>>> print(open('input-v2.txt').read())   # compact mmCIF, C-alpha atoms and all ligand atoms
# COMPACT_ATOMS: atom_id res chain seq x y z
CA MET M 1 76.40 165.77 72.84
CA ILE M 2 73.16 165.41 74.75
CA LYS M 3 74.30 167.83 77.45
CA ALA M 4 75.37 170.30 74.75
CA LEU M 5 72.05 169.91 72.92
CA ARG M 6 70.12 170.52 76.13
CA GLN M 7 72.18 173.58 76.96
CA ASP M 8 72.63 175.16 73.52
CA ARG M 9 69.52 173.74 71.79
CA ASP M 10 71.73 173.07 68.81
CA LEU M 11 74.49 170.82 67.47
CA SER M 12 76.61 170.77 64.34
CA ASP M 13 75.37 168.75 61.37
CA GLU M 14 77.99 166.12 62.10
CA GLN M 15 76.89 165.82 65.71
CA PHE M 16 73.24 165.50 64.66
CA ARG M 17 74.30 162.80 62.21
CA ALA M 18 76.15 160.91 64.95
CA LEU M 19 73.14 161.16 67.26
CA LEU M 20 70.62 160.11 64.60
CA GLU M 21 72.54 157.15 63.25
CA THR M 22 73.04 155.13 66.44
CA ASP M 23 70.91 153.91 69.31
CA ALA M 24 73.86 154.21 71.73
CA TYR M 25 72.56 157.47 73.23
CA ASP M 26 68.84 156.66 73.23
CA ALA M 27 68.48 156.00 76.97
CA GLU M 28 70.29 159.19 77.89
CA LEU M 29 68.33 161.18 75.32
CA LYS M 30 65.03 159.85 76.62
CA ALA M 31 65.94 160.78 80.22
CA ALA M 32 67.04 164.29 79.20
CA ALA M 33 63.92 164.85 77.07
CA HIS M 34 61.68 163.73 79.91
CA ALA M 35 63.48 166.03 82.37
CA VAL M 36 63.04 168.99 80.01
CA ARG M 37 59.33 168.28 79.50
CA LEU M 38 58.89 168.14 83.30
CA GLU M 39 60.69 171.49 83.67
CA HIS M 40 58.58 173.20 81.01
CA TYR M 41 55.21 171.43 81.11
CA GLY M 42 55.23 169.41 84.34
CA THR M 43 53.27 166.18 84.02
CA ASP M 44 50.55 167.81 81.89
CA VAL M 45 49.37 166.14 78.71
CA TYR M 46 47.08 168.18 76.46
CA LEU M 47 44.13 166.79 74.56
CA ARG M 48 43.16 167.74 71.03
CA GLY M 49 39.79 166.52 69.78
CA LEU M 50 40.31 165.50 66.17
CA ILE M 51 37.39 165.89 63.76
CA GLU M 52 38.17 164.37 60.35
CA PHE M 53 35.47 166.19 58.41
CA THR M 54 36.26 165.30 54.79
CA ASN M 55 38.29 162.60 53.08
CA TYR M 56 38.02 164.19 49.65
CA CYS M 57 41.34 165.53 48.42
CA LYS M 58 42.38 167.13 45.14
CA ASN M 59 46.00 166.12 45.66
CA ASN M 60 47.77 162.89 44.92
CA CYS M 61 50.59 162.60 47.47
CA LEU M 62 52.19 159.23 46.85
CA TYR M 63 52.08 158.06 50.48
CA CYS M 64 48.51 158.99 51.37
CA GLY M 65 45.52 156.66 51.60
CA ILE M 66 42.99 159.39 50.77
CA ARG M 67 44.90 160.66 47.72
CA ARG M 68 42.80 161.62 44.71
CA GLY M 69 43.93 158.56 42.77
CA ASN M 70 42.61 156.06 45.31
CA GLN M 71 39.32 154.91 43.78
CA LYS M 72 38.74 152.25 46.40
CA ILE M 73 37.68 154.35 49.38
CA ARG M 74 34.21 155.65 50.10
CA ARG M 75 34.37 159.43 50.22
CA TYR M 76 32.45 161.44 52.83
CA ARG M 77 31.97 164.96 54.07
CA LEU M 78 30.52 165.97 57.41
CA SER M 79 27.90 168.73 57.42
CA GLU M 80 28.29 171.80 59.61
CA ASP M 81 25.68 170.34 61.97
CA GLU M 82 27.57 167.05 62.22
CA ILE M 83 30.80 168.91 62.97
CA LEU M 84 29.03 170.94 65.66
CA GLY M 85 27.67 167.68 67.07
CA CYS M 86 31.25 166.35 67.40
CA CYS M 87 32.24 169.57 69.20
CA ALA M 88 29.28 169.29 71.61
CA GLU M 89 30.28 165.74 72.48
CA GLY M 90 33.92 166.75 72.86
CA TYR M 91 33.14 169.76 75.02
CA ALA M 92 31.08 167.61 77.40
CA LEU M 93 34.05 165.23 77.66
CA GLY M 94 36.40 168.10 78.62
CA TYR M 95 38.03 168.92 75.30
CA ARG M 96 39.03 172.56 74.92
CA THR M 97 40.72 172.28 71.52
CA PHE M 98 39.05 171.10 68.33
CA VAL M 99 41.14 170.15 65.32
CA LEU M 100 39.28 170.24 62.01
CA GLN M 101 41.26 168.05 59.66
CA GLY M 102 40.59 167.06 56.09
CA GLY M 103 42.02 166.58 52.64
CA GLU M 104 42.30 169.57 50.33
CA ASP M 105 38.62 169.57 49.41
CA PRO M 106 37.44 172.42 47.14
CA TYR M 107 33.84 171.88 48.31
CA PHE M 108 34.90 173.53 51.55
CA THR M 109 35.22 177.04 50.19
CA ASP M 110 36.45 179.90 52.35
CA GLU M 111 32.83 180.81 53.00
CA ARG M 112 32.00 177.32 54.28
CA ILE M 113 35.15 177.08 56.40
CA CYS M 114 34.53 180.52 57.91
CA SER M 115 30.92 179.63 58.66
CA ILE M 116 31.97 176.44 60.50
CA VAL M 117 34.79 178.17 62.38
CA SER M 118 32.58 181.09 63.49
CA ALA M 119 29.81 178.73 64.60
CA ILE M 120 32.25 176.76 66.80
CA HIS M 121 33.87 179.96 68.05
CA SER M 122 30.56 181.53 69.09
CA ARG M 123 29.35 178.38 70.87
CA TYR M 124 32.64 177.57 72.58
CA PRO M 125 34.59 180.83 73.05
CA ASP M 126 36.81 179.18 75.65
CA CYS M 127 38.07 176.61 73.12
CA ALA M 128 40.89 176.83 70.60
CA ILE M 129 40.08 175.97 66.98
CA THR M 130 42.81 174.35 64.91
CA LEU M 131 42.58 173.91 61.17
CA SER M 132 44.47 171.26 59.23
CA ILE M 133 43.19 171.60 55.67
CA GLY M 134 46.34 171.98 53.63
CA GLU M 135 47.68 174.66 51.35
CA ARG M 136 45.47 177.70 50.81
CA SER M 137 46.14 181.33 49.92
CA HIS M 138 47.30 183.99 52.37
CA GLU M 139 43.89 185.65 52.00
CA SER M 140 42.07 182.42 52.86
CA TYR M 141 44.24 181.81 55.91
CA HIS M 142 43.59 185.38 56.99
CA ALA M 143 39.82 184.95 56.61
CA TYR M 144 39.82 181.78 58.77
CA PHE M 145 41.87 183.58 61.41
CA GLU M 146 39.40 186.46 61.47
CA ALA M 147 36.57 183.92 61.84
CA GLY M 148 38.18 182.52 65.00
CA ALA M 149 40.74 179.86 64.03
CA GLU M 150 43.92 180.34 66.06
CA ARG M 151 46.05 177.36 65.17
CA TYR M 152 47.01 175.63 61.95
CA LEU M 153 48.70 172.30 61.35
CA LEU M 154 50.54 171.81 58.07
CA ARG M 155 53.28 169.22 58.08
CA HIS M 156 56.15 170.43 55.94
CA GLU M 157 56.75 166.69 55.19
CA THR M 158 60.41 167.14 54.23
CA ALA M 159 62.60 170.20 53.93
CA ASP M 160 64.71 168.64 51.18
CA PRO M 161 63.25 169.68 47.79
CA VAL M 162 64.63 166.59 46.00
CA HIS M 163 63.10 164.30 48.61
CA TYR M 164 59.85 166.29 48.49
CA ALA M 165 59.62 165.71 44.73
CA LYS M 166 59.88 161.94 45.29
CA LEU M 167 56.89 161.97 47.67
CA HIS M 168 54.62 164.34 45.76
CA PRO M 169 53.39 164.89 42.21
CA SER M 170 55.00 167.70 40.20
CA ASP M 171 52.12 170.13 40.83
CA MET M 172 53.15 170.39 44.51
CA SER M 173 56.33 172.07 45.74
CA CYS M 174 58.41 172.19 48.85
CA GLU M 175 58.82 175.95 48.46
CA HIS M 176 55.09 176.63 48.34
CA ARG M 177 54.42 174.46 51.35
CA GLN M 178 57.08 176.26 53.37
CA GLN M 179 55.72 179.63 52.20
CA CYS M 180 52.27 178.62 53.52
CA LEU M 181 53.82 177.96 56.94
CA PHE M 182 55.51 181.36 57.01
CA ASP M 183 52.24 183.02 55.85
CA LEU M 184 50.39 181.33 58.71
CA LYS M 185 52.97 182.50 61.22
CA HIS M 186 52.84 186.02 59.88
CA ILE M 187 49.05 186.14 60.22
CA GLY M 188 49.39 185.20 63.87
CA TYR M 189 48.46 181.52 64.04
CA GLN M 190 50.09 179.06 66.39
CA VAL M 191 51.66 176.88 63.72
CA GLY M 192 52.39 173.17 63.64
CA ALA M 193 54.84 171.68 61.12
CA GLY M 194 56.06 168.09 60.97
CA LEU M 195 57.17 165.05 59.03
CA MET M 196 56.99 161.30 58.67
CA VAL M 197 60.01 159.41 59.94
CA GLY M 198 61.21 156.73 57.53
CA SER M 199 59.31 157.93 54.48
CA PRO M 200 60.64 156.38 51.26
CA PHE M 201 63.95 157.87 50.08
CA GLN M 202 64.54 159.70 53.38
CA THR M 203 68.20 159.94 54.43
CA THR M 204 69.93 161.31 57.51
CA ASP M 205 70.72 164.42 55.46
CA CYS M 206 66.97 164.92 54.89
CA LEU M 207 66.38 164.73 58.65
CA ILE M 208 69.16 167.23 59.34
CA ALA M 209 67.58 169.56 56.73
CA ASP M 210 64.27 169.13 58.61
CA LEU M 211 65.89 170.15 61.91
CA ARG M 212 67.44 173.22 60.25
CA PHE M 213 64.10 174.18 58.68
CA LEU M 214 62.34 173.84 62.03
CA GLN M 215 64.97 176.11 63.60
CA LYS M 216 64.16 178.71 60.95
CA LEU M 217 60.39 178.36 61.26
CA GLN M 218 60.23 178.13 65.07
CA PRO M 219 56.85 176.36 65.07
CA ASP M 220 54.62 176.06 68.13
CA MET M 221 53.92 172.39 67.46
CA ILE M 222 55.85 169.64 65.66
CA GLY M 223 53.92 166.55 64.60
CA ILE M 224 56.14 163.59 63.83
CA GLY M 225 55.19 159.98 63.45
CA PRO M 226 56.54 156.97 61.60
CA PHE M 227 55.78 156.46 57.91
CA LEU M 228 53.20 153.69 57.54
CA SER M 229 52.20 152.44 54.12
CA HIS M 230 48.69 152.21 52.69
CA LYS M 231 47.80 149.27 50.46
CA ASP M 232 46.17 151.40 47.77
CA THR M 233 49.07 153.80 47.17
CA PRO M 234 52.24 153.60 45.08
CA PHE M 235 54.21 153.11 48.32
CA ARG M 236 52.21 150.03 49.34
CA ASP M 237 55.33 147.83 49.61
CA GLU M 238 57.59 150.31 51.38
CA PRO M 239 58.71 149.38 54.91
CA SER M 240 57.35 151.23 57.94
CA GLY M 241 59.37 153.91 59.70
CA ASP M 242 61.54 152.83 62.60
CA LEU M 243 60.20 153.11 66.15
CA LYS M 244 63.58 153.87 67.72
CA LEU M 245 64.41 156.57 65.19
CA THR M 246 60.99 158.20 65.66
CA LEU M 247 61.51 158.31 69.43
CA ARG M 248 65.08 159.55 68.98
CA LEU M 249 63.79 162.45 66.90
CA LEU M 250 61.11 163.27 69.46
CA GLY M 251 63.82 163.42 72.14
CA ILE M 252 66.06 165.62 69.98
CA LEU M 253 63.16 167.98 69.22
CA ARG M 254 62.25 168.30 72.91
CA LEU M 255 65.83 169.36 73.67
CA MET M 256 65.99 171.75 70.71
CA PHE M 257 62.56 173.28 71.39
CA PRO M 258 61.80 172.94 75.12
CA ASP M 259 58.49 174.84 74.91
CA VAL M 260 57.10 173.28 71.75
CA LEU M 261 54.01 171.04 71.68
CA LEU M 262 54.95 167.52 70.64
CA PRO M 263 52.16 165.02 70.00
CA ALA M 264 52.52 161.33 70.65
CA THR M 265 50.83 160.44 67.39
CA THR M 266 48.27 157.81 66.46
CA ALA M 267 50.77 156.52 63.89
CA LEU M 268 53.22 155.84 66.73
CA GLY M 269 50.45 153.93 68.54
CA THR M 270 49.75 152.00 65.34
CA LEU M 271 53.41 151.02 64.90
CA HIS M 272 53.67 149.70 68.47
CA PRO M 273 50.93 148.98 71.06
CA LEU M 274 52.72 151.22 73.58
CA GLY M 275 54.05 153.68 71.01
CA ARG M 276 52.13 156.68 72.38
CA GLU M 277 53.28 155.97 75.94
CA MET M 278 56.87 155.76 74.68
CA GLY M 279 56.42 159.05 72.83
CA LEU M 280 55.09 160.75 75.97
CA GLN M 281 58.08 159.42 77.90
CA THR M 282 60.47 160.87 75.32
CA GLY M 283 59.32 164.48 75.41
CA GLY M 284 55.79 164.23 74.01
CA ASN M 285 53.05 166.28 75.68
CA VAL M 286 49.97 166.10 73.43
CA VAL M 287 47.54 163.37 72.40
CA MET M 288 44.89 163.70 69.72
CA PRO M 289 41.95 161.38 70.31
CA ASN M 290 39.36 161.05 67.61
CA LEU M 291 36.04 162.90 67.88
CA SER M 292 34.83 161.99 64.39
CA PRO M 293 31.62 159.94 64.18
CA THR M 294 32.53 156.24 64.33
CA ALA M 295 30.57 155.64 61.10
CA VAL M 296 33.17 157.52 59.04
CA ARG M 297 36.42 156.74 60.84
CA GLU M 298 37.25 153.70 58.72
CA GLN M 299 37.11 155.98 55.69
CA TYR M 300 39.84 158.29 56.98
CA MET M 301 42.66 155.80 56.53
CA LEU M 302 45.81 157.70 55.70
CA TYR M 303 47.72 154.44 56.29
CA ASP M 304 46.77 150.80 56.93
CA ASN M 305 45.66 149.38 60.30
CA LYS M 306 45.09 152.77 61.95
CA ILE M 307 44.08 152.29 65.57
CA CYS M 308 41.07 153.75 67.41
CA THR M 309 38.67 153.59 64.48
CA GLY M 310 36.04 151.51 66.28
CA GLU M 311 35.69 153.23 69.63
CA GLU M 312 33.20 155.88 70.63
CA SER M 313 34.72 159.24 71.57
CA ALA M 314 34.20 158.67 75.29
CA GLN M 315 35.93 155.28 75.05
CA CYS M 316 38.88 156.85 73.23
CA LYS M 317 39.31 159.45 75.94
CA GLY M 318 38.99 156.89 78.75
CA CYS M 319 41.53 154.60 77.10
CA LEU M 320 44.03 157.43 76.65
CA GLU M 321 43.53 158.66 80.20
CA ARG M 322 44.43 155.22 81.53
CA ARG M 323 47.47 155.00 79.27
CA VAL M 324 48.72 158.46 80.29
CA GLU M 325 48.15 157.81 84.01
CA SER M 326 50.00 154.49 83.73
CA ILE M 327 53.23 156.36 83.02
CA GLY M 328 52.80 158.99 85.75
CA LEU M 329 51.49 161.81 83.52
CA HIS M 330 48.09 163.51 83.62
CA ILE M 331 45.63 164.69 81.00
CA VAL M 332 44.46 168.24 81.69
CA SER M 333 41.29 169.82 80.44
CA SER M 334 42.58 173.10 79.02
CA ARG M 335 43.32 174.78 75.71
CA GLY M 336 46.95 173.75 76.12
CA ASP M 337 48.62 176.63 74.34
CA ALA M 338 52.29 176.35 73.39
CA LYS M 339 54.50 178.18 75.86
CA CYS M 340 56.69 179.37 73.01
CA PHE M 341 53.85 181.11 71.24
CA ARG M 342 54.34 184.80 70.64
CA ARG M 343 52.01 186.46 68.21
CA SER M 344 54.19 188.12 65.56
CA VAL M 345 51.63 190.73 64.45
S1 LIG O 1 48.63 164.04 52.36
FE1 LIG O 1 47.04 165.62 52.51
S2 LIG O 1 47.19 166.76 50.58
FE2 LIG O 1 48.28 164.83 50.27
S3 LIG O 1 46.74 163.46 49.37
FE3 LIG O 1 46.69 163.14 51.60
S4 LIG O 1 45.11 164.50 52.40
FE4 LIG O 1 45.63 165.16 50.30
>>> encode(input="input-v2.txt", output="structure tokens")
Amino acid sequence: MIKALRQDRDLSDEQFRALLETDAYDAELKAAAHAVRLEHYGTDVYLRGLIEFTNYCKNNCLYCGIRRGNQKIRRYRLSEDEILGCCAEGYALGYRTFVLQGGEDPYFTDERICSIVSAIHSRYPDCAITLSIGERSHESYHAYFEAGAERYLLRHETADPVHYAKLHPSDMSCEHRQQCLFDLKHIGYQVGAGLMVGSPFQTTDCLIADLRFLQKLQPDMIGIGPFLSHKDTPFRDEPSGDLKLTLRLLGILRLMFPDVLLPATTALGTLHPLGREMGLQTGGNVVMPNLSPTAVREQYMLYDNKICTGEESAQCKGCLERRVESIGLHIVSSRGDAKCFRRSV
């Protein structure tokens, strides 16, 4: 099955089920995924400097620590100057991609987002700007693209509409989220989709639906990490996602999409002290250290016990460099574009 997956980049649903539901093939899958990442990306690991610029959100996703209904967190927004300060620090440290991530915060109108994006773009024309600010209209996405944003991360969360409805309130829909991803692709963004492994009510069928959706979307990046609960959400007592299954999915995705960007996520590093190293050894090729000011990092808790909230940006980068080198891979200072990216317009 693993040879067939590597060669054909596809399996039948029943074969995917067999692969997903046992750990019998994990060692072989890991070796194949690593070989494919070496063929397509060598030992390179790309850095994304993450700037969490607002923890306000108008939505109430049941799994999320910054959901609207959580009254216990202190809300913050970074000013344009503070965001530019994070970029200046990141640029000096060698970052060539900035990821602006936040909840769906109406304060950040299209005008404000465009102003921030153009300011970063004019100061750092050699850097890629990624937005991760949720569902917006086609017109808004187009305006940000014109201002200089080239990439957009929007996890699809789950491709199964029934499962989606169990994770989100009724004013959000699976169909709209997927439409946003296709809009972004059509505009010309490099697009990142993704999901949490082990989210409540997830079944193997849900995961197979996710793989089929990703085949249809053909994203440039796929962000997957384990589900981790947050104490102030309705899912506070739900168990964490499984490390082995998360790694298994990373391996499967590397074989299905040899040129895609696959982050070894902070959630994986939170689940296990060597989670990110394991992710990078199972096909991962991106890490996303935090560039947000340390004063606000504790407030951007999507799940409990998130790592790397106390370190300065330079410490974060140094720590990750050591971790990546320890497994024979190397962080490179470049934009790190996806090799699969073809602008569709
Ligand atoms: S997952 Fe995103 S959209 Fe949902 S509540 Fe959290 S920040 Fe808001």
>>> closest_residue(input="input-v2.txt", among="M:Ser115, M:Ser132, M:Thr109, M:Gln281", to="ligand LIG 1 (chain O)", atoms="all atoms listed in the file")
M:Ser132
>>> residues_near_ligand(input="input-v2.txt", ligand="ligand LIG 1 (chain O)", cutoff="12 Å", atoms="all atoms listed in the file", output="count of residues only")
52
>>> residues_around(input="input-v2.txt", residues="Asp126 of chain M", least_positions_apart="6", cutoff="9 Å", atoms="all atoms listed in the file", output="ChimeraX atom specification")
/M:96-97,335
>>> closest_residue(input="input-v2.txt", among="M:Ile331, M:Leu211, M:Ala143, M:Cys206", to="Leu184 of chain M", atoms="all atoms listed in the file")
M:Ala143
>>> atom_distance(input="input-v2.txt", atom1="atom CA of Arg17 of chain M", atom2="atom CA of Asn285 of chain M")
25.4 Å
>>> atom_distance(input="input-v2.txt", atom1="atom CA of Tyr141 of chain M", atom2="atom CA of Asp183 of chain M")
8.1 Å
>>> closest_residue(input="input-v2.txt", among="M:Leu274, M:Leu100, M:Ile252, M:Leu268", to="Leu228 of chain M", atoms="all atoms listed in the file")
M:Leu268
>>> atom_distance(input="input-v2.txt", atom1="atom CA of Asp259 of chain M", atom2="atom CA of Asp10 of chain M")
14.7 Å
>>> closest_residue(input="input-v2.txt", among="M:Phe213, M:Tyr152, M:Tyr41, M:Phe145", to="Leu329 of chain M", atoms="only C-alpha atoms")
M:Tyr41
>>> residues_near_point(input="input-v2.txt", point="(42.2, 178.1, 68.1)", cutoff="9 Å", atoms="only C-alpha atoms", output="list in words")
Thr97, Phe98, Val99, His121, Cys127, Ala128, Ile129, Thr130, Leu131, Phe145, Gly148, Ala149, Glu150, Arg151, Tyr152, Tyr189, Gln190 and Arg335 of chain M
>>> closest_residue(input="input-v2.txt", among="M:Gln7, M:Thr266, M:Thr309, M:Gln15", to="Arg297 of chain M", atoms="only C-alpha atoms")
M:Thr309
>>> closest_residue(input="input-v2.txt", among="M:Gly328, M:Gly318, M:Pro293, M:Gly85", to="Leu280 of chain M", atoms="all atoms listed in the file")
M:Gly328
>>> residues_around(input="input-v2.txt", residues="Ala33 of chain M", least_positions_apart="5", cutoff="9 Å", atoms="all atoms listed in the file", output="list in words")
Arg6, Glu28, Leu38, Leu250, Gly251, Ile252, Leu253, Arg254, Leu255, Pro258, Gln281, Thr282, Gly283 and Gly284 of chain M
>>> residues_around(input="input-v2.txt", residues="Phe182 of chain M", least_positions_apart="5", cutoff="10 Å", atoms="only C-alpha atoms", output="ChimeraX atom specification")
/M:138,176-177,187-189,191,216-219
>>> build_atoms(input="input-v2.txt", residues="segment 113-139 of chain M", atoms="N, CA and C atoms", output="mmCIF file, in the frame of the given file")
data_model
loop_
_atom_site.group_PDB
_atom_site.id
_atom_site.type_symbol
_atom_site.label_atom_id
_atom_site.label_comp_id
_atom_site.auth_asym_id
_atom_site.auth_seq_id
_atom_site.Cartn_x
_atom_site.Cartn_y
_atom_site.Cartn_z
ATOM 1 N N ILE M 113 34.222 177.247 55.267
ATOM 2 C CA ILE M 113 35.150 177.080 56.400
ATOM 3 C C ILE M 113 34.900 178.182 57.436
ATOM 4 N N CYS M 114 34.744 179.411 56.959
ATOM 5 C CA CYS M 114 34.530 180.520 57.910
ATOM 6 C C CYS M 114 33.220 180.336 58.676
ATOM 7 N N SER M 115 32.210 179.842 57.990
ATOM 8 C CA SER M 115 30.920 179.630 58.660
ATOM 9 C C SER M 115 31.073 178.582 59.787
ATOM 10 N N ILE M 116 31.775 177.504 59.487
ATOM 11 C CA ILE M 116 31.970 176.440 60.500
ATOM 12 C C ILE M 116 32.808 176.980 61.667
ATOM 13 N N VAL M 117 33.894 177.670 61.326
ATOM 14 C CA VAL M 117 34.790 178.170 62.380
ATOM 15 C C VAL M 117 34.038 179.171 63.268
ATOM 16 N N SER M 118 33.274 180.105 62.642
ATOM 17 C CA SER M 118 32.580 181.090 63.490
ATOM 18 C C SER M 118 31.505 180.434 64.345
ATOM 19 N N ALA M 119 30.849 179.403 63.796
ATOM 20 C CA ALA M 119 29.810 178.730 64.600
ATOM 21 C C ALA M 119 30.438 178.065 65.826
ATOM 22 N N ILE M 120 31.580 177.411 65.646
ATOM 23 C CA ILE M 120 32.250 176.760 66.800
ATOM 24 C C ILE M 120 32.727 177.842 67.766
ATOM 25 N N HIS M 121 33.307 178.899 67.205
ATOM 26 C CA HIS M 121 33.870 179.960 68.050
ATOM 27 C C HIS M 121 32.779 180.633 68.891
ATOM 28 N N SER M 122 31.590 180.851 68.303
ATOM 29 C CA SER M 122 30.560 181.530 69.090
ATOM 30 C C SER M 122 29.963 180.603 70.154
ATOM 31 N N ARG M 123 29.905 179.309 69.860
ATOM 32 C CA ARG M 123 29.350 178.380 70.870
ATOM 33 C C ARG M 123 30.350 178.049 71.973
ATOM 34 N N TYR M 124 31.624 178.002 71.606
ATOM 35 C CA TYR M 124 32.640 177.570 72.580
ATOM 36 C C TYR M 124 33.797 178.575 72.603
ATOM 37 N N PRO M 125 33.533 179.800 73.102
ATOM 38 C CA PRO M 125 34.590 180.830 73.050
ATOM 39 C C PRO M 125 35.812 180.498 73.897
ATOM 40 N N ASP M 126 35.665 179.551 74.814
ATOM 41 C CA ASP M 126 36.810 179.180 75.650
ATOM 42 C C ASP M 126 37.666 178.081 75.000
ATOM 43 N N CYS M 127 37.309 177.691 73.783
ATOM 44 C CA CYS M 127 38.070 176.610 73.120
ATOM 45 C C CYS M 127 38.935 177.164 71.994
ATOM 46 N N ALA M 128 40.041 176.476 71.739
ATOM 47 C CA ALA M 128 40.890 176.830 70.600
ATOM 48 C C ALA M 128 40.441 176.010 69.390
ATOM 49 N N ILE M 129 40.436 176.667 68.224
ATOM 50 C CA ILE M 129 40.080 175.970 66.980
ATOM 51 C C ILE M 129 41.339 175.857 66.114
ATOM 52 N N THR M 130 41.653 174.625 65.766
ATOM 53 C CA THR M 130 42.810 174.350 64.910
ATOM 54 C C THR M 130 42.308 173.880 63.557
ATOM 55 N N LEU M 131 42.901 174.410 62.509
ATOM 56 C CA LEU M 131 42.580 173.910 61.170
ATOM 57 C C LEU M 131 43.761 173.106 60.625
ATOM 58 N N SER M 132 43.442 172.054 59.891
ATOM 59 C CA SER M 132 44.470 171.260 59.230
ATOM 60 C C SER M 132 43.887 170.847 57.888
ATOM 61 N N ILE M 133 43.877 171.812 56.944
ATOM 62 C CA ILE M 133 43.190 171.600 55.670
ATOM 63 C C ILE M 133 44.097 171.951 54.483
ATOM 64 N N GLY M 134 45.392 171.904 54.730
ATOM 65 C CA GLY M 134 46.340 171.980 53.630
ATOM 66 C C GLY M 134 46.690 173.381 53.164
ATOM 67 N N GLU M 135 47.140 173.420 51.904
ATOM 68 C CA GLU M 135 47.680 174.660 51.350
ATOM 69 C C GLU M 135 46.550 175.526 50.794
ATOM 70 N N ARG M 136 46.453 176.727 51.313
ATOM 71 C CA ARG M 136 45.470 177.700 50.810
ATOM 72 C C ARG M 136 46.180 179.044 50.666
ATOM 73 N N SER M 137 45.485 180.029 50.148
ATOM 74 C CA SER M 137 46.140 181.330 49.920
ATOM 75 C C SER M 137 46.272 182.102 51.233
ATOM 76 N N HIS M 138 47.130 183.105 51.207
ATOM 77 C CA HIS M 138 47.300 183.990 52.370
ATOM 78 C C HIS M 138 45.955 184.601 52.751
ATOM 79 N N GLU M 139 45.193 185.008 51.749
ATOM 80 C CA GLU M 139 43.890 185.650 52.000
ATOM 81 C C GLU M 139 42.942 184.666 52.703
#
